[in-house]
file target03.cif (mmCIF, N, CA and C atoms)
data_start
#
loop_
_atom_site.label_atom_id
_atom_site.label_comp_id
_atom_site.auth_asym_id
_atom_site.auth_seq_id
_atom_site.Cartn_x
_atom_site.Cartn_y
_atom_site.Cartn_z
N MET J 1 95.43 107.21 61.79
CA MET J 1 96.73 107.64 62.30
C MET J 1 96.74 107.69 63.82
N LEU J 2 95.62 108.10 64.41
CA LEU J 2 95.52 108.17 65.85
C LEU J 2 95.67 106.79 66.48
N HIS J 3 95.08 105.77 65.85
CA HIS J 3 95.17 104.41 66.35
C HIS J 3 96.62 103.92 66.34
N PHE J 4 97.36 104.26 65.29
CA PHE J 4 98.76 103.86 65.19
C PHE J 4 99.57 104.46 66.33
N GLY J 5 99.32 105.73 66.66
CA GLY J 5 100.03 106.39 67.75
C GLY J 5 99.70 105.77 69.10
N ARG J 6 98.46 105.37 69.28
CA ARG J 6 98.05 104.74 70.54
C ARG J 6 98.71 103.37 70.70
N CYS J 7 98.79 102.62 69.61
CA CYS J 7 99.45 101.31 69.66
C CYS J 7 100.93 101.46 69.97
N ARG J 8 101.55 102.45 69.37
CA ARG J 8 102.97 102.70 69.62
C ARG J 8 103.19 103.12 71.08
N ALA J 9 102.31 103.97 71.59
CA ALA J 9 102.42 104.41 72.99
C ALA J 9 102.21 103.24 73.93
N ARG J 10 101.25 102.37 73.63
CA ARG J 10 101.01 101.19 74.47
C ARG J 10 102.20 100.25 74.45
N ARG J 11 102.79 100.07 73.27
CA ARG J 11 103.97 99.21 73.16
C ARG J 11 105.15 99.81 73.94
N GLY J 12 105.33 101.11 73.85
CA GLY J 12 106.41 101.77 74.59
C GLY J 12 106.20 101.68 76.10
N LEU J 13 104.97 101.90 76.56
CA LEU J 13 104.68 101.80 77.98
C LEU J 13 104.84 100.36 78.46
N SER J 14 104.42 99.41 77.64
CA SER J 14 104.58 98.00 77.99
C SER J 14 106.06 97.66 78.15
N SER J 15 106.86 98.13 77.23
CA SER J 15 108.29 97.86 77.28
C SER J 15 108.93 98.47 78.53
N ALA J 16 108.55 99.69 78.86
CA ALA J 16 109.09 100.34 80.06
C ALA J 16 108.65 99.62 81.33
N LEU J 17 107.40 99.17 81.38
CA LEU J 17 106.92 98.43 82.55
C LEU J 17 107.63 97.08 82.68
N ILE J 18 107.91 96.45 81.56
CA ILE J 18 108.66 95.19 81.59
C ILE J 18 110.02 95.41 82.24
N GLY J 19 110.69 96.49 81.84
CA GLY J 19 111.99 96.81 82.44
C GLY J 19 111.89 97.07 83.93
N GLU J 20 110.87 97.79 84.34
CA GLU J 20 110.72 98.10 85.75
C GLU J 20 110.38 96.86 86.57
N ILE J 21 109.50 96.01 86.06
CA ILE J 21 109.14 94.78 86.76
C ILE J 21 110.36 93.87 86.87
N ALA J 22 111.14 93.77 85.79
CA ALA J 22 112.36 92.96 85.83
C ALA J 22 113.34 93.51 86.86
N ALA J 23 113.42 94.83 86.99
CA ALA J 23 114.32 95.43 87.98
C ALA J 23 113.86 95.12 89.40
N VAL J 24 112.55 95.13 89.62
CA VAL J 24 112.01 94.81 90.95
C VAL J 24 112.35 93.36 91.31
N ILE J 25 112.11 92.45 90.39
CA ILE J 25 112.38 91.03 90.64
C ILE J 25 113.88 90.80 90.81
N ASP J 26 114.68 91.46 89.99
CA ASP J 26 116.13 91.31 90.11
C ASP J 26 116.61 91.82 91.46
N SER J 27 116.09 92.94 91.92
CA SER J 27 116.46 93.46 93.25
C SER J 27 116.06 92.48 94.34
N MET J 28 114.88 91.93 94.21
CA MET J 28 114.37 90.99 95.20
C MET J 28 115.22 89.73 95.25
N GLU J 29 115.52 89.18 94.09
CA GLU J 29 116.29 87.94 94.02
C GLU J 29 117.77 88.17 94.32
N GLY J 30 118.25 89.38 94.07
CA GLY J 30 119.66 89.67 94.28
C GLY J 30 120.01 90.02 95.71
N PHE J 31 119.03 90.30 96.53
CA PHE J 31 119.29 90.67 97.91
C PHE J 31 119.51 89.40 98.71
N GLU J 32 120.74 89.21 99.15
CA GLU J 32 121.15 87.95 99.77
C GLU J 32 120.29 87.58 100.98
N GLU J 33 119.89 88.56 101.77
CA GLU J 33 119.11 88.27 102.97
C GLU J 33 117.74 87.71 102.62
N VAL J 34 117.19 88.15 101.48
CA VAL J 34 115.90 87.60 101.04
C VAL J 34 116.06 86.13 100.71
N ARG J 35 117.18 85.79 100.09
CA ARG J 35 117.43 84.37 99.79
C ARG J 35 117.64 83.55 101.06
N LYS J 36 118.07 84.20 102.13
CA LYS J 36 118.29 83.50 103.39
C LYS J 36 116.98 83.22 104.14
N LEU J 37 115.87 83.76 103.65
CA LEU J 37 114.60 83.54 104.35
C LEU J 37 114.27 82.07 104.50
N GLU J 38 114.62 81.28 103.51
CA GLU J 38 114.36 79.85 103.61
C GLU J 38 115.12 79.25 104.79
N ASP J 39 116.35 79.72 105.00
CA ASP J 39 117.14 79.24 106.13
C ASP J 39 116.61 79.77 107.46
N MET J 40 115.92 80.90 107.42
CA MET J 40 115.42 81.50 108.64
C MET J 40 114.38 80.63 109.34
N GLU J 41 113.79 79.73 108.58
CA GLU J 41 112.85 78.82 109.21
C GLU J 41 113.53 78.02 110.32
N PHE J 42 114.84 77.85 110.19
CA PHE J 42 115.58 77.06 111.17
C PHE J 42 116.41 77.91 112.12
N GLU J 43 116.98 79.01 111.60
CA GLU J 43 117.83 79.88 112.41
C GLU J 43 117.38 81.32 112.24
N ALA J 44 116.14 81.61 112.57
CA ALA J 44 115.54 82.90 112.27
C ALA J 44 116.26 84.08 112.91
N GLU J 45 116.68 83.95 114.12
CA GLU J 45 117.23 85.09 114.84
C GLU J 45 118.54 85.59 114.26
N GLU J 46 119.30 84.74 113.62
CA GLU J 46 120.64 85.10 113.16
C GLU J 46 120.65 86.16 112.07
N HIS J 47 119.62 86.22 111.26
CA HIS J 47 119.65 87.09 110.09
C HIS J 47 118.63 88.22 110.13
N LEU J 48 117.88 88.36 111.18
CA LEU J 48 116.79 89.33 111.19
C LEU J 48 117.26 90.77 110.99
N ASP J 49 118.36 91.16 111.62
CA ASP J 49 118.83 92.54 111.49
C ASP J 49 119.15 92.89 110.05
N GLU J 50 119.57 91.93 109.26
CA GLU J 50 119.97 92.19 107.89
C GLU J 50 118.79 92.56 107.00
N LEU J 51 117.58 92.18 107.37
CA LEU J 51 116.41 92.47 106.54
C LEU J 51 116.03 93.94 106.52
N THR J 52 116.45 94.71 107.52
CA THR J 52 116.10 96.12 107.54
C THR J 52 116.75 96.89 106.40
N ALA J 53 117.79 96.34 105.79
CA ALA J 53 118.47 97.01 104.68
C ALA J 53 117.78 96.79 103.34
N PHE J 54 116.76 95.96 103.30
CA PHE J 54 116.09 95.63 102.05
C PHE J 54 115.32 96.83 101.50
N THR J 55 115.60 97.20 100.27
CA THR J 55 114.84 98.24 99.57
C THR J 55 114.65 97.81 98.12
N LEU J 56 113.58 98.28 97.55
CA LEU J 56 113.30 98.03 96.14
C LEU J 56 113.54 99.32 95.37
N PRO J 57 113.80 99.22 94.07
CA PRO J 57 113.95 100.45 93.29
C PRO J 57 112.63 101.23 93.28
N LYS J 58 112.71 102.52 93.10
CA LYS J 58 111.51 103.35 93.02
C LYS J 58 110.72 102.95 91.78
N PHE J 59 109.43 102.92 91.91
CA PHE J 59 108.56 102.53 90.79
C PHE J 59 108.26 103.74 89.91
N SER J 60 109.29 104.33 89.34
CA SER J 60 109.13 105.60 88.62
C SER J 60 108.30 105.46 87.35
N VAL J 61 108.46 104.39 86.60
CA VAL J 61 107.66 104.22 85.38
C VAL J 61 106.19 104.06 85.73
N TYR J 62 105.91 103.19 86.68
CA TYR J 62 104.53 102.96 87.09
C TYR J 62 103.91 104.24 87.66
N GLU J 63 104.61 104.88 88.57
CA GLU J 63 104.06 106.07 89.22
C GLU J 63 103.85 107.22 88.25
N SER J 64 104.76 107.41 87.32
CA SER J 64 104.60 108.54 86.40
C SER J 64 103.65 108.24 85.25
N ASN J 65 103.27 106.97 85.07
CA ASN J 65 102.37 106.63 83.98
C ASN J 65 101.08 105.96 84.44
N ALA J 66 100.75 106.08 85.70
CA ALA J 66 99.53 105.46 86.23
C ALA J 66 98.29 105.96 85.50
N ASP J 67 98.31 107.20 85.06
CA ASP J 67 97.16 107.75 84.34
C ASP J 67 97.08 107.23 82.90
N ARG J 68 98.09 106.53 82.44
CA ARG J 68 98.09 106.00 81.07
C ARG J 68 97.79 104.49 81.03
N LEU J 69 97.44 103.90 82.15
CA LEU J 69 97.13 102.48 82.17
C LEU J 69 95.89 102.14 81.34
N ASP J 70 95.13 103.16 80.94
CA ASP J 70 93.96 102.90 80.11
C ASP J 70 94.34 102.45 78.70
N PHE J 71 95.64 102.41 78.39
CA PHE J 71 96.09 101.81 77.14
C PHE J 71 95.86 100.30 77.15
N PHE J 72 95.72 99.73 78.35
CA PHE J 72 95.56 98.29 78.52
C PHE J 72 94.12 97.95 78.86
N ASP J 73 93.77 96.68 78.65
CA ASP J 73 92.43 96.26 79.05
C ASP J 73 92.33 96.25 80.57
N ALA J 74 91.10 96.17 81.07
CA ALA J 74 90.86 96.30 82.52
C ALA J 74 91.58 95.22 83.32
N ALA J 75 91.61 93.99 82.82
CA ALA J 75 92.27 92.91 83.56
C ALA J 75 93.77 93.17 83.71
N LEU J 76 94.41 93.65 82.66
CA LEU J 76 95.84 93.94 82.73
C LEU J 76 96.11 95.15 83.62
N GLN J 77 95.23 96.14 83.59
CA GLN J 77 95.37 97.29 84.48
C GLN J 77 95.35 96.83 85.94
N ARG J 78 94.42 95.93 86.27
CA ARG J 78 94.33 95.42 87.64
C ARG J 78 95.60 94.67 88.04
N LYS J 79 96.11 93.83 87.12
CA LYS J 79 97.33 93.06 87.41
C LYS J 79 98.51 93.98 87.68
N ILE J 80 98.64 95.03 86.87
CA ILE J 80 99.75 95.97 87.03
C ILE J 80 99.65 96.67 88.37
N ALA J 81 98.48 97.20 88.68
CA ALA J 81 98.29 97.91 89.96
C ALA J 81 98.50 96.96 91.14
N TYR J 82 97.99 95.75 91.03
CA TYR J 82 98.12 94.77 92.11
C TYR J 82 99.58 94.40 92.34
N PHE J 83 100.32 94.19 91.26
CA PHE J 83 101.74 93.84 91.40
C PHE J 83 102.50 94.94 92.13
N PHE J 84 102.36 96.19 91.67
CA PHE J 84 103.14 97.26 92.27
C PHE J 84 102.69 97.57 93.70
N THR J 85 101.42 97.36 94.00
CA THR J 85 100.96 97.55 95.38
C THR J 85 101.57 96.50 96.29
N ARG J 86 101.55 95.24 95.86
CA ARG J 86 102.15 94.17 96.68
C ARG J 86 103.66 94.34 96.78
N ALA J 87 104.31 94.72 95.69
CA ALA J 87 105.76 94.92 95.72
C ALA J 87 106.11 96.06 96.68
N GLY J 88 105.32 97.10 96.68
CA GLY J 88 105.57 98.22 97.59
C GLY J 88 105.44 97.82 99.05
N GLY J 89 104.59 96.87 99.33
CA GLY J 89 104.41 96.41 100.70
C GLY J 89 105.46 95.42 101.16
N LEU J 90 106.22 94.85 100.23
CA LEU J 90 107.19 93.83 100.59
C LEU J 90 108.28 94.35 101.52
N ALA J 91 108.83 95.52 101.21
CA ALA J 91 109.89 96.07 102.06
C ALA J 91 109.38 96.28 103.48
N GLY J 92 108.17 96.80 103.61
CA GLY J 92 107.59 96.99 104.93
C GLY J 92 107.39 95.67 105.66
N HIS J 93 107.00 94.66 104.92
CA HIS J 93 106.79 93.34 105.50
C HIS J 93 108.11 92.78 106.03
N LEU J 94 109.18 92.94 105.27
CA LEU J 94 110.49 92.45 105.70
C LEU J 94 111.05 93.27 106.87
N HIS J 95 110.78 94.56 106.87
CA HIS J 95 111.22 95.39 108.00
C HIS J 95 110.47 94.98 109.26
N ALA J 96 109.18 94.67 109.11
CA ALA J 96 108.40 94.21 110.26
C ALA J 96 108.95 92.88 110.78
N LEU J 97 109.33 92.01 109.86
CA LEU J 97 109.93 90.74 110.26
C LEU J 97 111.22 90.99 111.04
N ALA J 98 112.02 91.94 110.58
CA ALA J 98 113.28 92.25 111.27
C ALA J 98 113.03 92.78 112.67
N SER J 99 111.89 93.44 112.87
CA SER J 99 111.60 94.00 114.19
C SER J 99 111.08 92.96 115.17
N THR J 100 110.89 91.72 114.75
CA THR J 100 110.41 90.67 115.65
C THR J 100 111.54 89.98 116.39
N LYS J 101 112.71 90.59 116.36
CA LYS J 101 113.89 89.97 116.96
C LYS J 101 113.68 89.58 118.42
N ASN J 102 112.93 90.40 119.15
CA ASN J 102 112.72 90.12 120.57
C ASN J 102 111.51 89.22 120.83
N GLU J 103 110.88 88.78 119.76
CA GLU J 103 109.70 87.90 119.89
C GLU J 103 110.17 86.45 120.02
N SER J 104 109.23 85.57 120.17
CA SER J 104 109.55 84.15 120.32
C SER J 104 110.12 83.58 119.02
N ARG J 105 110.85 82.52 119.16
CA ARG J 105 111.44 81.84 118.01
C ARG J 105 110.36 81.35 117.04
N GLU J 106 109.26 80.86 117.57
CA GLU J 106 108.16 80.37 116.72
C GLU J 106 107.55 81.50 115.91
N LEU J 107 107.38 82.66 116.53
CA LEU J 107 106.82 83.81 115.83
C LEU J 107 107.77 84.27 114.72
N CYS J 108 109.06 84.31 114.99
CA CYS J 108 110.06 84.68 113.98
C CYS J 108 110.01 83.69 112.81
N LYS J 109 109.94 82.43 113.16
CA LYS J 109 109.89 81.38 112.13
C LYS J 109 108.65 81.55 111.26
N GLN J 110 107.52 81.82 111.88
CA GLN J 110 106.28 81.99 111.11
C GLN J 110 106.34 83.23 110.22
N HIS J 111 106.90 84.32 110.73
CA HIS J 111 107.05 85.53 109.91
C HIS J 111 107.98 85.27 108.72
N ALA J 112 109.04 84.50 108.93
CA ALA J 112 109.97 84.18 107.84
C ALA J 112 109.26 83.34 106.78
N ILE J 113 108.45 82.39 107.20
CA ILE J 113 107.68 81.57 106.25
C ILE J 113 106.71 82.43 105.48
N ASP J 114 106.01 83.33 106.18
CA ASP J 114 105.05 84.22 105.52
C ASP J 114 105.73 85.14 104.52
N ALA J 115 106.90 85.66 104.90
CA ALA J 115 107.65 86.54 103.99
C ALA J 115 108.09 85.78 102.75
N GLN J 116 108.54 84.54 102.92
CA GLN J 116 108.96 83.74 101.77
C GLN J 116 107.77 83.46 100.85
N LYS J 117 106.62 83.19 101.42
CA LYS J 117 105.41 82.98 100.60
C LYS J 117 105.06 84.24 99.82
N GLU J 118 105.19 85.39 100.47
CA GLU J 118 104.91 86.66 99.81
C GLU J 118 105.87 86.88 98.63
N ILE J 119 107.13 86.58 98.83
CA ILE J 119 108.12 86.73 97.76
C ILE J 119 107.82 85.78 96.62
N ASN J 120 107.49 84.55 96.93
CA ASN J 120 107.15 83.58 95.88
C ASN J 120 105.91 84.01 95.10
N CYS J 121 104.91 84.51 95.82
CA CYS J 121 103.70 84.99 95.16
C CYS J 121 104.00 86.18 94.26
N LEU J 122 104.84 87.09 94.74
CA LEU J 122 105.21 88.26 93.95
C LEU J 122 105.98 87.85 92.70
N SER J 123 106.83 86.84 92.80
CA SER J 123 107.56 86.35 91.63
C SER J 123 106.61 85.74 90.61
N GLU J 124 105.62 85.00 91.07
CA GLU J 124 104.63 84.42 90.17
C GLU J 124 103.80 85.50 89.49
N LEU J 125 103.40 86.51 90.26
CA LEU J 125 102.66 87.64 89.68
C LEU J 125 103.49 88.33 88.60
N ALA J 126 104.77 88.52 88.89
CA ALA J 126 105.66 89.19 87.93
C ALA J 126 105.78 88.37 86.65
N ASP J 127 105.96 87.07 86.77
CA ASP J 127 106.09 86.23 85.58
C ASP J 127 104.82 86.30 84.73
N ASP J 128 103.68 86.24 85.37
CA ASP J 128 102.40 86.31 84.66
C ASP J 128 102.24 87.67 83.98
N LEU J 129 102.58 88.72 84.69
CA LEU J 129 102.48 90.06 84.15
C LEU J 129 103.45 90.28 83.00
N LEU J 130 104.67 89.77 83.14
CA LEU J 130 105.64 89.90 82.05
C LEU J 130 105.18 89.19 80.79
N ARG J 131 104.58 88.01 80.95
CA ARG J 131 104.05 87.30 79.77
C ARG J 131 102.97 88.12 79.08
N ASP J 132 102.06 88.71 79.87
CA ASP J 132 100.98 89.52 79.29
C ASP J 132 101.52 90.76 78.58
N LEU J 133 102.48 91.42 79.20
CA LEU J 133 103.03 92.64 78.59
C LEU J 133 103.86 92.33 77.35
N ARG J 134 104.56 91.22 77.36
CA ARG J 134 105.39 90.87 76.20
C ARG J 134 104.55 90.60 74.97
N LYS J 135 103.33 90.15 75.15
CA LYS J 135 102.43 89.94 74.01
C LYS J 135 102.18 91.25 73.29
N LEU J 136 102.23 92.34 74.02
CA LEU J 136 101.98 93.65 73.43
C LEU J 136 103.22 94.26 72.79
N VAL J 137 104.40 93.76 73.16
CA VAL J 137 105.66 94.33 72.69
C VAL J 137 106.26 93.55 71.54
N SER J 138 106.28 92.24 71.67
CA SER J 138 107.03 91.41 70.74
C SER J 138 106.14 90.78 69.68
N LYS J 139 106.69 90.68 68.50
CA LYS J 139 106.00 89.99 67.42
C LYS J 139 106.49 88.55 67.28
N LYS J 140 107.50 88.17 68.10
CA LYS J 140 108.02 86.81 68.08
C LYS J 140 107.04 85.88 68.79
N PRO J 141 107.05 84.61 68.43
CA PRO J 141 106.20 83.67 69.15
C PRO J 141 106.60 83.60 70.62
N MET J 142 105.63 83.46 71.49
CA MET J 142 105.87 83.48 72.94
C MET J 142 106.83 82.38 73.39
N LYS J 143 106.94 81.28 72.65
CA LYS J 143 107.83 80.19 73.04
C LYS J 143 109.29 80.61 73.03
N THR J 144 109.62 81.62 72.23
CA THR J 144 111.02 82.02 72.10
C THR J 144 111.43 83.09 73.10
N ILE J 145 110.50 83.59 73.88
CA ILE J 145 110.79 84.66 74.83
C ILE J 145 110.95 84.05 76.21
N SER J 146 112.05 84.41 76.87
CA SER J 146 112.29 83.92 78.22
C SER J 146 112.17 85.06 79.20
N ARG J 147 112.17 84.74 80.47
CA ARG J 147 112.04 85.74 81.51
C ARG J 147 113.26 86.67 81.50
N ALA J 148 113.02 87.93 81.72
CA ALA J 148 114.09 88.95 81.65
C ALA J 148 115.15 88.76 82.66
#
call {"tool": "encode", "arguments": {"input": "target03.cif", "output": "structure tokens"}}
result
Amino acid sequence: MLHFGRCRARRGLSSALIGEIAAVIDSMEGFEEVRKLEDMEFEAEEHLDELTAFTLPKFSVYESNADRLDFFDAALQRKIAYFFTRAGGLAGHLHALASTKNESRELCKQHAIDAQKEINCLSELADDLLRDLRKLVSKKPMKTISRA
């Protein structure tokens, strides 16, 4: 009976983390200025002030359940912690980019490229993590599950 409860708790935590990760990615992709980063390679100075408004939702599920990550194997625990640590640093990275307004055009351009790489890497991490967590939640074949 104890094993059944642990499996149910792991499935519930997995489901909640899936929702939170999807919210982080949705916030990131929905913020228009983040999408403009690709254009910043060419016209970096025009949009820098707008990046200071970038915020991500609070990681309430992760933060309140960090002590329960032992429901997962060590590799998945590392992926979860790594994702939320990198996601937490993204806003600071974009705010730092916004503060380079008085720097050279080349420096602004390089920061915009670096920020875009960080966002792309974070999206890839999220997709990988979502696939791993969905294995714990869904009984459907993985081919039928799409990104949230």
call {"tool": "atom_distance", "arguments": {"input": "target03.cif", "atom1": "atom CA of Gln116 of chain J", "atom2": "atom CA of Ala81 of chain J"}}
result
21.3 Å
call {"tool": "residues_around", "arguments": {"input": "target03.cif", "residues": "Ile25 of chain J", "least_positions_apart": "5", "cutoff": "9 Å", "atoms": "only C-alpha atoms", "output": "ChimeraX atom specification"}}
result
/J:20,30,56,122-123,126
call {"tool": "closest_residue", "arguments": {"input": "target03.cif", "among": "J:Phe31, J:Val137, J:Leu129, J:Tyr62", "to": "Leu76 of chain J", "atoms": "only N, CA and C atoms"}}
result
J:Leu129
call {"tool": "closest_residue", "arguments": {"input": "target03.cif", "among": "J:Met28, J:Phe71, J:Leu94, J:Ser99", "to": "Arg11 of chain J", "atoms": "only N, CA and C atoms"}}
result
J:Phe71
call {"tool": "axis_aligned_box", "arguments": {"input": "target03.cif", "around": "segment 17-32 of chain J", "padding_each_side": "4 Å", "output": "AutoDock Vina command-line options"}}
result
--center_x 114.0 --center_y 93.4 --center_z 91.2 --size_x 22.2 --size_y 19.6 --size_z 27.6
call {"tool": "atom_distance", "arguments": {"input": "target03.cif", "atom1": "atom C of Lys79 of chain J", "atom2": "atom CA of Gly92 of chain J"}}
result
19.7 Å
